[in-house]
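Coordinates from input.txt are shown below (compact mmCIF, C-alpha atoms).
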# COMPACT_ATOMS: atom_id res chain seq x y z
CA MET A 1 104.44 157.86 88.67
CA SER A 2 106.87 159.85 89.63
CA VAL A 3 108.51 158.71 92.73
CA LEU A 4 110.56 155.71 93.41
CA ARG A 5 107.75 153.95 95.21
CA SER A 6 109.33 150.62 94.74
CA VAL A 7 112.92 151.32 95.62
CA SER A 8 111.78 153.46 98.49
CA LEU A 9 109.89 150.26 99.14
CA ILE A 10 109.44 149.56 102.73
CA ILE A 11 112.00 151.91 104.12
CA LEU A 12 110.61 155.18 103.07
CA ALA A 13 109.56 157.12 106.10
CA GLY A 14 111.52 159.86 107.73
CA PRO A 15 114.90 161.21 106.65
CA LEU A 16 115.91 157.96 104.97
CA CYS A 17 113.54 158.54 102.11
CA ALA A 18 112.97 162.23 101.96
CA ALA A 19 111.93 163.25 98.46
CA LEU A 20 113.31 160.29 96.59
CA PRO A 21 113.12 160.67 92.81
CA ARG A 22 111.97 158.16 90.28
CA LEU A 23 114.04 155.03 89.94
CA SER A 24 115.62 156.18 86.71
CA ALA A 25 116.65 159.41 88.41
CA LEU A 26 117.92 157.63 91.50
CA THR A 27 120.09 155.17 89.65
CA GLY A 28 120.74 157.10 86.46
CA SER A 29 120.70 155.16 83.25
CA GLY A 30 123.19 152.69 84.65
CA GLN A 31 125.43 153.63 81.79
CA LYS A 32 128.59 154.78 83.54
CA THR A 33 130.15 151.43 82.82
CA ILE A 34 128.55 150.90 79.44
CA ASP A 35 131.00 151.15 76.61
CA ALA A 36 129.60 153.62 74.11
CA SER A 37 130.44 151.34 71.25
CA ARG A 38 128.18 148.66 72.74
CA ARG A 39 125.19 150.93 73.19
CA VAL A 40 124.42 151.18 69.55
CA THR A 41 125.53 147.97 67.96
CA GLN A 42 124.68 146.81 64.49
CA ALA A 43 121.37 148.21 63.38
CA PRO A 44 120.24 150.70 60.75
CA ALA A 45 121.38 153.88 62.50
CA ALA A 46 118.72 156.25 61.19
CA ASP A 47 115.74 154.04 62.05
CA PHE A 48 117.18 153.14 65.42
CA GLU A 49 117.98 156.73 66.41
CA THR A 50 114.54 157.94 65.33
CA LEU A 51 112.82 155.31 67.45
CA LYS A 52 115.19 155.97 70.35
CA ALA A 53 114.38 159.69 70.27
CA LYS A 54 110.67 158.87 70.51
CA ALA A 55 111.29 156.48 73.40
CA ASP A 56 113.40 159.03 75.27
CA GLU A 57 110.76 161.71 74.72
CA ALA A 58 107.99 159.45 76.02
CA ARG A 59 110.04 158.47 79.07
CA GLU A 60 110.90 162.07 79.92
CA ALA A 61 107.21 163.02 79.56
CA ASP A 62 106.18 160.23 81.97
CA GLN A 63 104.30 158.46 79.17
CA ILE A 64 105.31 155.16 80.68
CA ALA A 65 103.29 152.68 78.64
CA GLU A 66 104.42 154.22 75.35
CA ALA A 67 108.03 154.44 76.53
CA VAL A 68 108.07 150.77 77.54
CA THR A 69 106.64 149.71 74.19
CA LEU A 70 109.24 151.73 72.30
CA TYR A 71 112.22 150.59 74.36
CA GLU A 72 111.10 146.98 74.02
CA GLN A 73 111.05 147.44 70.26
CA LEU A 74 114.54 148.93 70.42
CA VAL A 75 116.05 146.04 72.37
CA LYS A 76 114.49 143.61 69.91
CA ILE A 77 116.29 145.47 67.15
CA ARG A 78 119.55 145.56 69.11
CA PRO A 79 119.59 142.92 71.86
CA GLY A 80 123.10 144.01 72.85
CA TRP A 81 122.00 147.55 73.73
CA ALA A 82 122.48 147.51 77.49
CA GLU A 83 121.07 150.98 78.12
CA GLY A 84 117.82 149.96 76.49
CA TRP A 85 117.44 146.97 78.79
CA TRP A 86 118.12 149.31 81.71
CA TYR A 87 115.24 151.56 80.71
CA VAL A 88 112.90 148.63 80.13
CA GLY A 89 113.74 147.41 83.63
CA THR A 90 113.39 150.75 85.39
CA LEU A 91 110.12 151.61 83.70
CA HIS A 92 108.58 148.26 84.58
CA TYR A 93 109.93 148.56 88.12
CA ASP A 94 108.41 151.99 88.63
CA SER A 95 105.10 150.51 87.43
CA ASP A 96 105.32 147.70 90.01
CA GLN A 97 105.75 145.16 87.21
CA TYR A 98 108.51 143.21 88.90
CA ALA A 99 108.63 140.07 86.75
CA PRO A 100 109.27 141.88 83.43
CA ALA A 101 111.58 144.28 85.27
CA ALA A 102 113.60 141.35 86.59
CA ALA A 103 113.78 139.83 83.12
CA ALA A 104 115.11 143.10 81.72
CA PHE A 105 117.68 143.57 84.48
CA SER A 106 118.76 139.98 83.99
CA ARG A 107 119.53 140.79 80.36
CA TYR A 108 121.26 143.99 81.45
CA VAL A 109 123.66 142.28 83.87
CA THR A 110 124.44 139.65 81.23
CA LEU A 111 125.75 142.51 79.12
CA GLU A 112 127.21 144.57 81.98
CA ARG A 113 128.38 142.02 84.52
CA GLY A 114 130.50 144.51 86.42
CA ASN A 115 127.72 147.04 87.00
CA GLY A 116 126.65 146.85 90.64
CA GLN A 117 123.56 148.97 90.04
CA GLY A 118 122.20 146.39 87.63
CA TRP A 119 122.69 143.56 90.12
CA ALA A 120 121.10 145.73 92.81
CA MET A 121 117.97 146.30 90.75
CA LEU A 122 117.74 142.63 89.83
CA GLY A 123 117.97 141.74 93.53
CA LEU A 124 115.33 144.30 94.49
CA CYS A 125 112.97 142.93 91.84
CA GLU A 126 113.49 139.43 93.18
CA PHE A 127 112.82 140.65 96.72
CA ARG A 128 109.44 142.00 95.60
CA MET A 129 108.74 138.68 93.88
CA ALA A 130 109.58 136.79 97.12
CA GLN A 131 112.54 135.07 95.43
CA PHE A 132 114.56 135.64 98.57
CA ALA A 133 117.52 133.33 97.97
CA SER A 134 118.42 134.82 94.60
CA SER A 135 117.62 138.32 95.86
CA ARG A 136 120.10 137.95 98.68
CA GLU A 137 122.78 136.57 96.33
CA HIS A 138 122.38 139.43 93.88
CA LEU A 139 122.27 142.17 96.53
CA VAL A 140 125.50 140.82 98.01
CA LYS A 141 127.04 140.86 94.53
CA ALA A 142 125.85 144.42 93.99
CA ARG A 143 127.51 145.64 97.17
CA SER A 144 130.71 143.76 96.38
CA LEU A 145 130.90 145.39 92.93
CA GLY A 146 130.00 148.82 94.25
CA LEU A 147 127.11 151.08 93.37
CA GLY A 148 128.97 153.85 91.61
CA GLY A 149 128.85 156.21 94.57
CA ASN A 150 125.04 156.14 94.61
CA GLU A 151 124.52 156.42 98.36
CA GLU A 152 120.73 156.44 98.13
CA LEU A 153 120.64 153.12 96.28
CA ALA A 154 123.35 151.73 98.56
CA ARG A 155 121.14 152.36 101.59
CA VAL A 156 118.16 150.70 99.93
CA VAL A 157 120.28 147.65 99.10
CA ARG A 158 121.75 147.52 102.60
CA TYR A 159 118.29 147.62 104.17
CA HIS A 160 116.93 144.80 102.03
CA GLN A 161 120.02 142.69 102.52
CA ALA A 162 119.53 143.05 106.29
CA VAL A 163 115.87 142.01 106.04
CA LEU A 164 116.91 138.92 104.09
CA LEU A 165 119.62 138.08 106.64
CA THR A 166 117.04 138.23 109.42
CA ARG A 167 114.75 135.89 107.51
CA ALA A 168 117.74 133.56 107.07
CA ARG A 169 118.32 133.68 110.87
CA GLN A 170 121.62 135.50 110.51
CA PHE A 171 120.52 138.02 113.08
CA GLU A 172 123.88 139.46 114.11
CA MET A 173 124.88 140.16 110.51
CA ALA A 174 121.51 141.83 109.91
CA GLN A 175 121.90 143.96 113.01
CA ALA A 176 125.40 145.02 111.95
CA LEU A 177 124.08 146.26 108.59
CA LEU A 178 121.14 148.07 110.15
CA ASN A 179 123.33 149.67 112.79
CA GLY A 180 124.85 151.70 109.97
CA PHE A 181 121.60 153.66 109.73
CA ALA A 182 121.96 154.60 113.40
CA VAL A 183 125.56 155.69 112.90
CA GLU A 184 124.32 157.87 110.02
CA HIS A 185 121.34 159.12 112.10
CA ARG A 186 118.91 157.94 109.43
CA GLU A 187 115.93 156.86 111.47
CA SER A 188 112.73 155.54 109.90
CA ALA A 189 109.89 153.34 111.09
CA ALA A 190 110.95 150.52 108.80
CA VAL A 191 114.58 150.61 109.92
CA LEU A 192 113.47 150.52 113.58
CA ASP A 193 111.20 147.56 112.86
CA ALA A 194 113.89 145.69 110.94
CA LEU A 195 116.36 146.34 113.74
CA GLY A 196 113.87 145.16 116.35
CA LEU A 197 113.24 141.93 114.46
CA ALA A 198 116.99 141.28 114.28
CA VAL A 199 117.59 142.12 117.96
CA LEU A 200 114.73 139.85 119.06
CA ARG A 201 115.77 137.12 116.61
CA ILE A 202 112.39 136.96 114.88
CA PRO A 203 112.79 135.54 111.34
CA ALA A 204 109.33 136.67 110.22
CA SER A 205 107.74 139.68 108.59
CA LEU A 206 106.38 142.39 110.84
CA GLU A 207 102.96 141.98 109.25
CA SER A 208 102.70 138.41 110.51
CA LEU A 209 102.96 139.52 114.16
CA SER A 210 100.24 140.61 116.55
CA ALA A 211 99.83 144.31 117.33
CA GLU A 212 101.41 143.81 120.76
CA LYS A 213 104.45 142.06 119.29
CA ARG A 214 104.83 144.75 116.65
CA GLU A 215 104.94 147.32 119.44
CA MET A 216 107.57 145.24 121.26
CA VAL A 217 109.65 144.99 118.09
CA ARG A 218 109.49 148.74 117.57
CA GLN A 219 110.53 149.44 121.17
CA PHE A 220 113.57 147.16 121.00
CA GLY A 221 114.43 148.53 117.56
CA LYS A 222 114.35 152.06 118.90
CA ALA A 223 116.50 151.08 121.89
CA ALA A 224 119.07 149.46 119.60
CA PHE A 225 118.98 152.48 117.29
CA LEU A 226 119.69 154.83 120.21
CA ALA A 227 122.56 152.57 121.23
CA GLY A 228 123.93 152.76 117.69
CA GLU A 229 123.76 156.55 117.90
CA ARG A 230 125.69 156.30 121.18
CA ARG A 231 122.87 157.93 123.10
CA VAL A 232 123.55 155.54 125.94
CA PRO A 233 121.38 157.00 128.75
CA GLU A 234 118.33 157.10 126.47
CA ALA A 235 119.06 153.62 125.14
CA ARG A 236 119.44 152.25 128.67
CA ALA A 237 116.14 153.76 129.78
CA LEU A 238 114.33 152.25 126.80
CA TYR A 239 116.02 148.84 127.16
CA ASP A 240 115.12 148.80 130.86
CA ALA A 241 111.49 149.66 130.13
CA ALA A 242 111.24 147.12 127.31
CA GLU A 243 112.77 144.33 129.39
CA ALA A 244 110.41 145.06 132.30
CA ARG A 245 107.35 145.11 130.05
CA TYR A 246 108.13 142.11 127.84
CA ARG A 247 110.35 139.95 130.02
CA ASP A 248 108.24 136.83 129.49
CA GLN A 249 108.61 136.98 125.70
CA PRO A 250 111.18 134.86 123.81
CA ASN A 251 114.62 136.41 123.36
CA VAL A 252 113.90 139.47 125.49
CA ALA A 253 116.27 138.38 128.27
CA TYR A 254 118.85 137.45 125.62
CA ALA A 255 118.56 140.82 123.85
CA TYR A 256 118.90 142.64 127.16
CA GLY A 257 121.94 140.54 128.01
CA VAL A 258 123.58 141.44 124.70
CA TRP A 259 122.96 145.11 125.46
CA LEU A 260 124.62 144.68 128.85
CA MET A 261 127.61 143.01 127.20
CA MET A 262 127.92 146.03 124.92
CA GLN A 263 128.01 148.19 128.06
CA LYS A 264 130.81 146.02 129.49
CA GLU A 265 128.63 144.58 132.25
CA PRO A 266 129.33 140.86 131.66
CA GLU A 267 128.33 139.53 135.08
CA HIS A 268 124.99 141.30 134.92
CA ALA A 269 124.57 140.08 131.34
CA MET A 270 125.18 136.46 132.35
CA SER A 271 122.17 136.55 134.67
CA PHE A 272 119.96 137.41 131.70
CA PHE A 273 121.48 134.76 129.46
CA ARG A 274 120.75 132.25 132.23
CA LYS A 275 117.18 133.56 132.41
CA GLU A 276 116.83 132.93 128.70
CA LEU A 277 118.09 129.38 129.19
CA GLN A 278 115.56 128.86 131.97
CA ARG A 279 112.81 129.92 129.58
CA GLU A 280 114.25 127.91 126.67
CA PRO A 281 116.82 125.25 127.66
CA ALA A 282 117.82 124.78 123.99
CA HIS A 283 118.68 128.46 123.42
CA VAL A 284 122.04 128.02 121.71
CA PRO A 285 123.06 131.71 121.48
CA ALA A 286 122.61 132.09 125.25
CA MET A 287 124.68 128.95 125.83
CA LEU A 288 127.47 130.33 123.69
CA GLN A 289 127.45 133.72 125.38
CA ILE A 290 127.91 131.96 128.72
CA ALA A 291 130.57 129.67 127.23
CA PHE A 292 132.64 132.57 125.88
CA HIS A 293 132.41 134.45 129.16
CA ALA A 294 133.55 131.31 130.96
CA ILE A 295 136.50 131.01 128.54
CA ASP A 296 137.46 134.61 129.23
CA SER A 297 137.20 133.90 132.97
CA GLY A 298 139.32 130.74 132.73
CA ASN A 299 136.41 128.49 133.73
CA PHE A 300 136.98 125.91 131.00
CA GLU A 301 134.81 123.15 132.46
CA GLU A 302 131.71 125.35 132.48
CA ALA A 303 132.61 126.67 129.04
CA LYS A 304 133.04 123.17 127.66
CA ALA A 305 129.69 121.98 129.04
CA HIS A 306 127.81 124.81 127.31
CA ALA A 307 129.79 124.62 124.07
CA LEU A 308 129.35 120.85 123.77
CA LYS A 309 125.61 121.18 124.32
CA ALA A 310 125.43 123.94 121.71
CA ALA A 311 127.34 121.83 119.16
CA GLU A 312 125.08 118.87 119.90
CA LEU A 313 121.93 120.95 119.33
CA GLU A 314 123.30 122.75 116.26
CA PRO A 315 126.09 120.70 114.63
CA GLU A 316 126.41 123.23 111.79
CA ASN A 317 126.88 126.21 114.11
CA PHE A 318 130.43 127.38 113.44
CA THR A 319 130.52 129.45 116.64
CA ALA A 320 129.97 126.37 118.80
CA HIS A 321 132.95 124.62 117.20
CA TYR A 322 135.01 127.80 117.46
CA ALA A 323 134.26 127.92 121.20
CA LEU A 324 135.24 124.28 121.60
CA GLY A 325 138.43 124.91 119.66
CA ARG A 326 139.39 127.76 121.96
CA ILE A 327 138.58 125.67 125.05
CA TYR A 328 140.72 122.76 123.85
CA LEU A 329 143.54 125.12 122.86
CA GLU A 330 143.55 126.77 126.29
CA SER A 331 143.42 123.31 127.90
CA ASN A 332 146.42 122.17 125.81
CA ALA A 333 144.34 119.50 124.03
CA ILE A 334 145.87 120.48 120.70
CA PRO A 335 144.59 117.71 118.35
CA GLN A 336 141.01 118.31 119.53
CA ALA A 337 141.49 122.06 119.16
CA VAL A 338 142.66 121.67 115.56
CA THR A 339 139.73 119.37 114.74
CA GLU A 340 137.12 121.77 116.11
CA LEU A 341 138.68 124.87 114.59
CA GLU A 342 139.03 123.23 111.18
CA LYS A 343 135.37 122.30 111.36
CA SER A 344 134.49 125.88 112.30
CA ALA A 345 136.56 127.20 109.39
CA ARG A 346 134.79 124.87 106.94
CA LEU A 347 131.40 126.05 108.19
CA ALA A 348 132.38 129.74 108.12
CA PRO A 349 135.19 130.28 105.60
CA ASP A 350 134.80 134.07 105.85
CA ALA A 351 135.27 134.28 109.64
CA ALA A 352 138.61 136.01 110.24
CA SER A 353 138.70 135.26 113.98
CA VAL A 354 138.45 131.52 113.33
CA GLN A 355 141.51 131.65 111.07
CA PHE A 356 143.41 133.63 113.69
CA VAL A 357 142.88 131.01 116.41
CA LEU A 358 143.36 128.15 113.93
CA ALA A 359 146.80 129.56 113.10
CA LYS A 360 147.67 129.42 116.79
CA ALA A 361 146.46 125.82 116.99
CA TYR A 362 148.51 124.78 113.95
CA ALA A 363 151.60 126.43 115.46
CA ARG A 364 151.06 124.56 118.72
CA ALA A 365 150.63 121.35 116.69
CA ASN A 366 154.02 121.96 115.02
CA ARG A 367 152.43 122.50 111.60
CA PRO A 368 154.22 125.70 110.51
CA ALA A 369 153.09 125.64 106.88
CA ASP A 370 149.44 125.31 107.89
CA ALA A 371 149.91 128.03 110.51
CA ALA A 372 151.36 130.38 107.90
CA ARG A 373 148.49 129.66 105.53
CA ALA A 374 145.89 130.34 108.25
CA ARG A 375 147.64 133.58 109.26
CA ALA A 376 147.63 134.74 105.64
CA GLU A 377 143.95 133.91 105.33
CA PHE A 378 143.25 135.77 108.56
CA ARG A 379 145.02 138.86 107.24
CA ARG A 380 143.05 138.70 104.00
CA LEU A 381 139.69 138.31 105.74
CA ASP A 382 140.54 140.85 108.42
CA ALA A 383 141.40 143.42 105.75
CA ILE A 384 138.03 142.83 104.09
CA ASP A 385 136.18 143.16 107.41
CA LYS A 386 138.04 146.29 108.40
CA LYS A 387 137.49 147.87 104.99
CA ARG A 388 133.76 147.30 105.35
CA ARG A 389 133.83 148.98 108.74
CA GLY A 390 136.23 151.70 107.66
CA GLU A 391 138.89 150.67 110.18
CA ALA A 392 142.60 149.99 109.99
CA THR A 393 143.67 146.39 109.69
CA GLY A 394 145.49 144.61 112.48
CA GLU A 395 145.60 141.38 114.36
CA GLU A 396 144.19 142.89 117.53
CA SER A 397 140.72 142.45 116.03
CA ALA A 398 140.93 138.72 116.49
CA SER A 399 140.86 139.09 120.25
CA GLY A 400 137.12 139.31 119.81
CA ARG A 401 134.87 136.40 119.03
CA PRO A 402 132.24 135.49 116.48
CA VAL A 403 128.84 136.47 117.79
CA PRO A 404 126.69 133.37 118.25
Could I get this file's structure written as structure tokens?
Amino acid sequence: MSVLRSVSLIILAGPLCAALPRLSALTGSGQKTIDASRRVTQAPAADFETLKAKADEAREADQIAEAVTLYEQLVKIRPGWAEGWWYVGTLHYDSDQYAPAAAAFSRYVTLERGNGQGWAMLGLCEFRMAQFASSREHLVKARSLGLGGNEELARVVRYHQAVLLTRARQFEMAQALLNGFAVEHRESAAVLDALGLAVLRIPASLESLSAEKREMVRQFGKAAFLAGERRVPEARALYDAAEARYRDQPNVAYAYGVWLMMQKEPEHAMSFFRKELQREPAHVPAMLQIAFHAIDSGNFEEAKAHALKAAELEPENFTAHYALGRIYLESNAIPQAVTELEKSARLAPDAASVQFVLAKAYARANRPADAARARAEFRRLDAIDKKRRGEATGEESASGRPVP
């Protein structure tokens, strides 16, 4: 048992997963943050150490069943021994026993709440058990706490978080996470497929699709990956071929339009967003792309028509209310602008750009205290966003817009 079949999970093909070790080797014992005094709490030292030596020997000899039995005895003797729970979890995980692994990691993070690796492993167990909501929550927590410099595990967590975001229809966020693999030149079949699903806005597993659709997903994923690597001529050729071959499929015109926007070809992109709307008149992301371009062009009536329709179709879509807020602000309808932007901020409290424009609206409404508060919140959120992307902070970032 040997290799980290389970953490390599779905992503292991190509350079991303070359020669991954067993889970316990990949993540270590998780004990960097374990206080030594808590590892061996309150039990007859001689008996405990003798049993621990046997457990360690069995684990190192790949005698998994015996090692699990011994470590489970040890944590019964000392329930506060975090390292023991870690080994119980990793051994079960490497044996594809995800329910007992999850139970062990749950005990581990109760003892070591600040250990991101523990939360990561709990989230990965839950992913394998199809407990997607809790998996997503715990993977987010793991990344926020940090993974102790373990880049291999960090990539595994990032991949699974992106898959979960796609299933939750947060396609742009998923694509942003997956684009990191392109920046790092870590191509694999699974990353390409996950990227293709996000680009084409398909909130389903690849296995549920027909062979033809799987091929389409792979082609768009590869095109997006090339774009992320900044191999623009190759990406353009593949996007052109994919659009020509699959142009009647949902979201193909939209995906091609987004690519054109990335290449700073907005007028050309608008024609594809309009094609998507012809195919699907209720396609909210296409409406919002057109609305934002109209805002940037000063065509506020067209922008308002599309943004209002988007908000009507998806009242909880923060981007639609953000667009309306910008339109009203530019049209000097300040009370309406404040209302829409406040609604957008409630729906997306982590969106820095919303706070930036809301601060402007408050200032125009002669509400200086609220404007100052929104500016401070923008700076806080902007710093977080820039840190994630490895950029310097600064208000110029808010000239962009939330992606619909």
Do a neighbour search on Val163 (chain A) at 8 Å with only C-alpha atoms, toss out local chain neighbours closer than 3 positions, and write the hits as a VMD selection string.
chain A and resid 159 to 160 166 to 167 174 194
Of the residues A:Lys264, A:Arg245, A:Arg214, A:Arg380, which is the one nearest to Ala351 (chain A), using all atoms listed in the file?
A:Arg380
So what do you get for CA of Pro349 (chain A) versus CA of Gly180 (chain A), distance-wise?
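The value is 24.2 Å.
Atom pair CA of Trp81 (chain A) / CA of Met121 (chain A) has a distance of 17.5 Å (rounded to one decimal).
Compared by their closest atoms to Ala227 (chain A), and using all atoms listed in the file, the residues A:Ala320, A:Val183, A:Val88, A:Ala189 rank with A:Val183 nearest.
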Find, counting only C-alpha atoms, the residue in A:Leu206, A:Leu74, A:Val338, A:Met261 that gets nearest to Arg367 (chain A).
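Once distances to Arg367 (chain A) are computed over only C-alpha atoms, the minimum belongs to A:Val338.
Between CA of Tyr71 (chain A) and CA of Val140 (chain A) the separation is 28.8 Å.
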Find the spatial neighbours of Leu329 (chain A), counting all atoms listed in the file, within a cut-off of 10 Å - ignore same-chain residues fewer than 2 positions away - and output them as a compact mmCIF listing (two decimals) with C-alpha atoms, in the coordinates of the input.
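The file below, part_30.txt, is the result:
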# COMPACT_ATOMS: atom_id res chain seq x y z
CA ALA A 323 134.26 127.92 121.20
CA LEU A 324 135.24 124.28 121.60
CA GLY A 325 138.43 124.91 119.66
CA ARG A 326 139.39 127.76 121.96
CA ILE A 327 138.58 125.67 125.05
CA SER A 331 143.42 123.31 127.90
CA ASN A 332 146.42 122.17 125.81
CA ALA A 333 144.34 119.50 124.03
CA ILE A 334 145.87 120.48 120.70
CA PRO A 335 144.59 117.71 118.35
CA GLN A 336 141.01 118.31 119.53
CA ALA A 337 141.49 122.06 119.16
CA VAL A 338 142.66 121.67 115.56
CA GLU A 340 137.12 121.77 116.11
CA LEU A 341 138.68 124.87 114.59
CA VAL A 357 142.88 131.01 116.41
CA LEU A 358 143.36 128.15 113.93
CA LYS A 360 147.67 129.42 116.79
CA ALA A 361 146.46 125.82 116.99
CA ARG A 364 151.06 124.56 118.72
Around the point (118.2, 150.8, 121.2) in the file's coordinates, collect all residues with an atom within 9 Å, using all atoms listed in the file, and return them as a ChimeraX atom specification.
/A:192,195-196,219-229,231-232,234-236,238-239,259
If we count only C-alpha atoms and set the cut-off at 12 Å, which residues sit around Leu277 (chain A), ignoring sequence neighbours fewer than 3 positions away in its own chain? Please answer as a ChimeraX atom specification.
/A:250-254,257,270-274,280-290,306,310
Using all atoms listed in the file, determine which residues lie at most 8 Å from Leu139 (chain A), disregarding the query and same-chain residues fewer than 4 positions distant; provide the list as an mmCIF file with C-alpha atoms, in the frame of the given file.
data_model
loop_
_atom_site.group_PDB
_atom_site.id
_atom_site.type_symbol
_atom_site.label_atom_id
_atom_site.label_comp_id
_atom_site.auth_asym_id
_atom_site.auth_seq_id
_atom_site.Cartn_x
_atom_site.Cartn_y
_atom_site.Cartn_z
ATOM 1 C CA TRP A 119 122.690 143.560 90.120
ATOM 2 C CA ALA A 120 121.100 145.730 92.810
ATOM 3 C CA GLY A 123 117.970 141.740 93.530
ATOM 4 C CA LEU A 124 115.330 144.300 94.490
ATOM 5 C CA SER A 135 117.620 138.320 95.860
ATOM 6 C CA ARG A 143 127.510 145.640 97.170
ATOM 7 C CA VAL A 157 120.280 147.650 99.100
ATOM 8 C CA GLN A 161 120.020 142.690 102.520
#
A:Asp240, A:Glu267, A:Asp350, A:Glu137: which is nearest Glu377 (chain A), counting only C-alpha atoms?
A:Asp350
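When all atoms listed in the file are used to compute distances to Lys52 (chain A), the closest of the residues A:Leu122, A:Leu209, A:Ile77, A:Ala345 turns out to be A:Ile77.
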Restricting the calculation to all atoms listed in the file, which member of A:Glu72, A:Glu152, A:Glu66, A:Glu301 is positioned closest to Tyr87 (chain A)?
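Using all atoms listed in the file, Tyr87 (chain A) sits closest to A:Glu72.
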Can region 120-139 of chain A be brought up to N, CA and C atoms and written out as a short mmCIF file (atom, residue, chain, number, x, y, z; two decimals), in the frame of the given file?
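Output file selection-v2.cif follows:
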data_model
loop_
_atom_site.label_atom_id
_atom_site.label_comp_id
_atom_site.auth_asym_id
_atom_site.auth_seq_id
_atom_site.Cartn_x
_atom_site.Cartn_y
_atom_site.Cartn_z
N ALA A 120 121.95 145.24 91.72
CA ALA A 120 121.10 145.73 92.81
C ALA A 120 119.64 145.73 92.38
N MET A 121 119.36 146.24 91.19
CA MET A 121 117.97 146.30 90.75
C MET A 121 117.40 144.92 90.49
N LEU A 122 118.22 144.00 89.99
CA LEU A 122 117.74 142.63 89.83
C LEU A 122 117.38 142.04 91.20
N GLY A 123 118.24 142.25 92.19
CA GLY A 123 117.97 141.74 93.53
C GLY A 123 116.74 142.35 94.16
N LEU A 124 116.51 143.65 93.93
CA LEU A 124 115.33 144.30 94.49
C LEU A 124 114.06 143.79 93.83
N CYS A 125 114.11 143.55 92.52
CA CYS A 125 112.97 142.93 91.84
C CYS A 125 112.65 141.57 92.46
N GLU A 126 113.68 140.78 92.64
CA GLU A 126 113.49 139.43 93.18
C GLU A 126 112.95 139.49 94.61
N PHE A 127 113.37 140.47 95.38
CA PHE A 127 112.82 140.65 96.72
C PHE A 127 111.31 140.85 96.64
N ARG A 128 110.88 141.72 95.74
CA ARG A 128 109.44 142.00 95.60
C ARG A 128 108.68 140.79 95.08
N MET A 129 109.38 139.90 94.39
CA MET A 129 108.74 138.68 93.88
C MET A 129 108.86 137.52 94.86
N ALA A 130 109.40 137.80 96.06
CA ALA A 130 109.58 136.79 97.12
C ALA A 130 110.55 135.69 96.70
N GLN A 131 111.46 136.00 95.80
CA GLN A 131 112.54 135.07 95.43
C GLN A 131 113.75 135.42 96.29
N PHE A 132 113.65 135.07 97.58
CA PHE A 132 114.56 135.64 98.57
C PHE A 132 115.99 135.12 98.44
N ALA A 133 116.16 133.86 98.07
CA ALA A 133 117.52 133.33 97.97
C ALA A 133 118.31 134.03 96.87
N SER A 134 117.71 134.16 95.69
CA SER A 134 118.42 134.82 94.60
C SER A 134 118.54 136.32 94.86
N SER A 135 117.54 136.90 95.51
CA SER A 135 117.62 138.32 95.86
C SER A 135 118.83 138.59 96.75
N ARG A 136 118.97 137.76 97.76
CA ARG A 136 120.10 137.95 98.68
C ARG A 136 121.44 137.81 97.93
N GLU A 137 121.54 136.79 97.09
CA GLU A 137 122.78 136.57 96.33
C GLU A 137 123.12 137.78 95.48
N HIS A 138 122.12 138.34 94.80
CA HIS A 138 122.38 139.43 93.88
C HIS A 138 122.62 140.76 94.61
N LEU A 139 121.99 140.96 95.76
CA LEU A 139 122.27 142.17 96.53
C LEU A 139 123.68 142.14 97.10
#
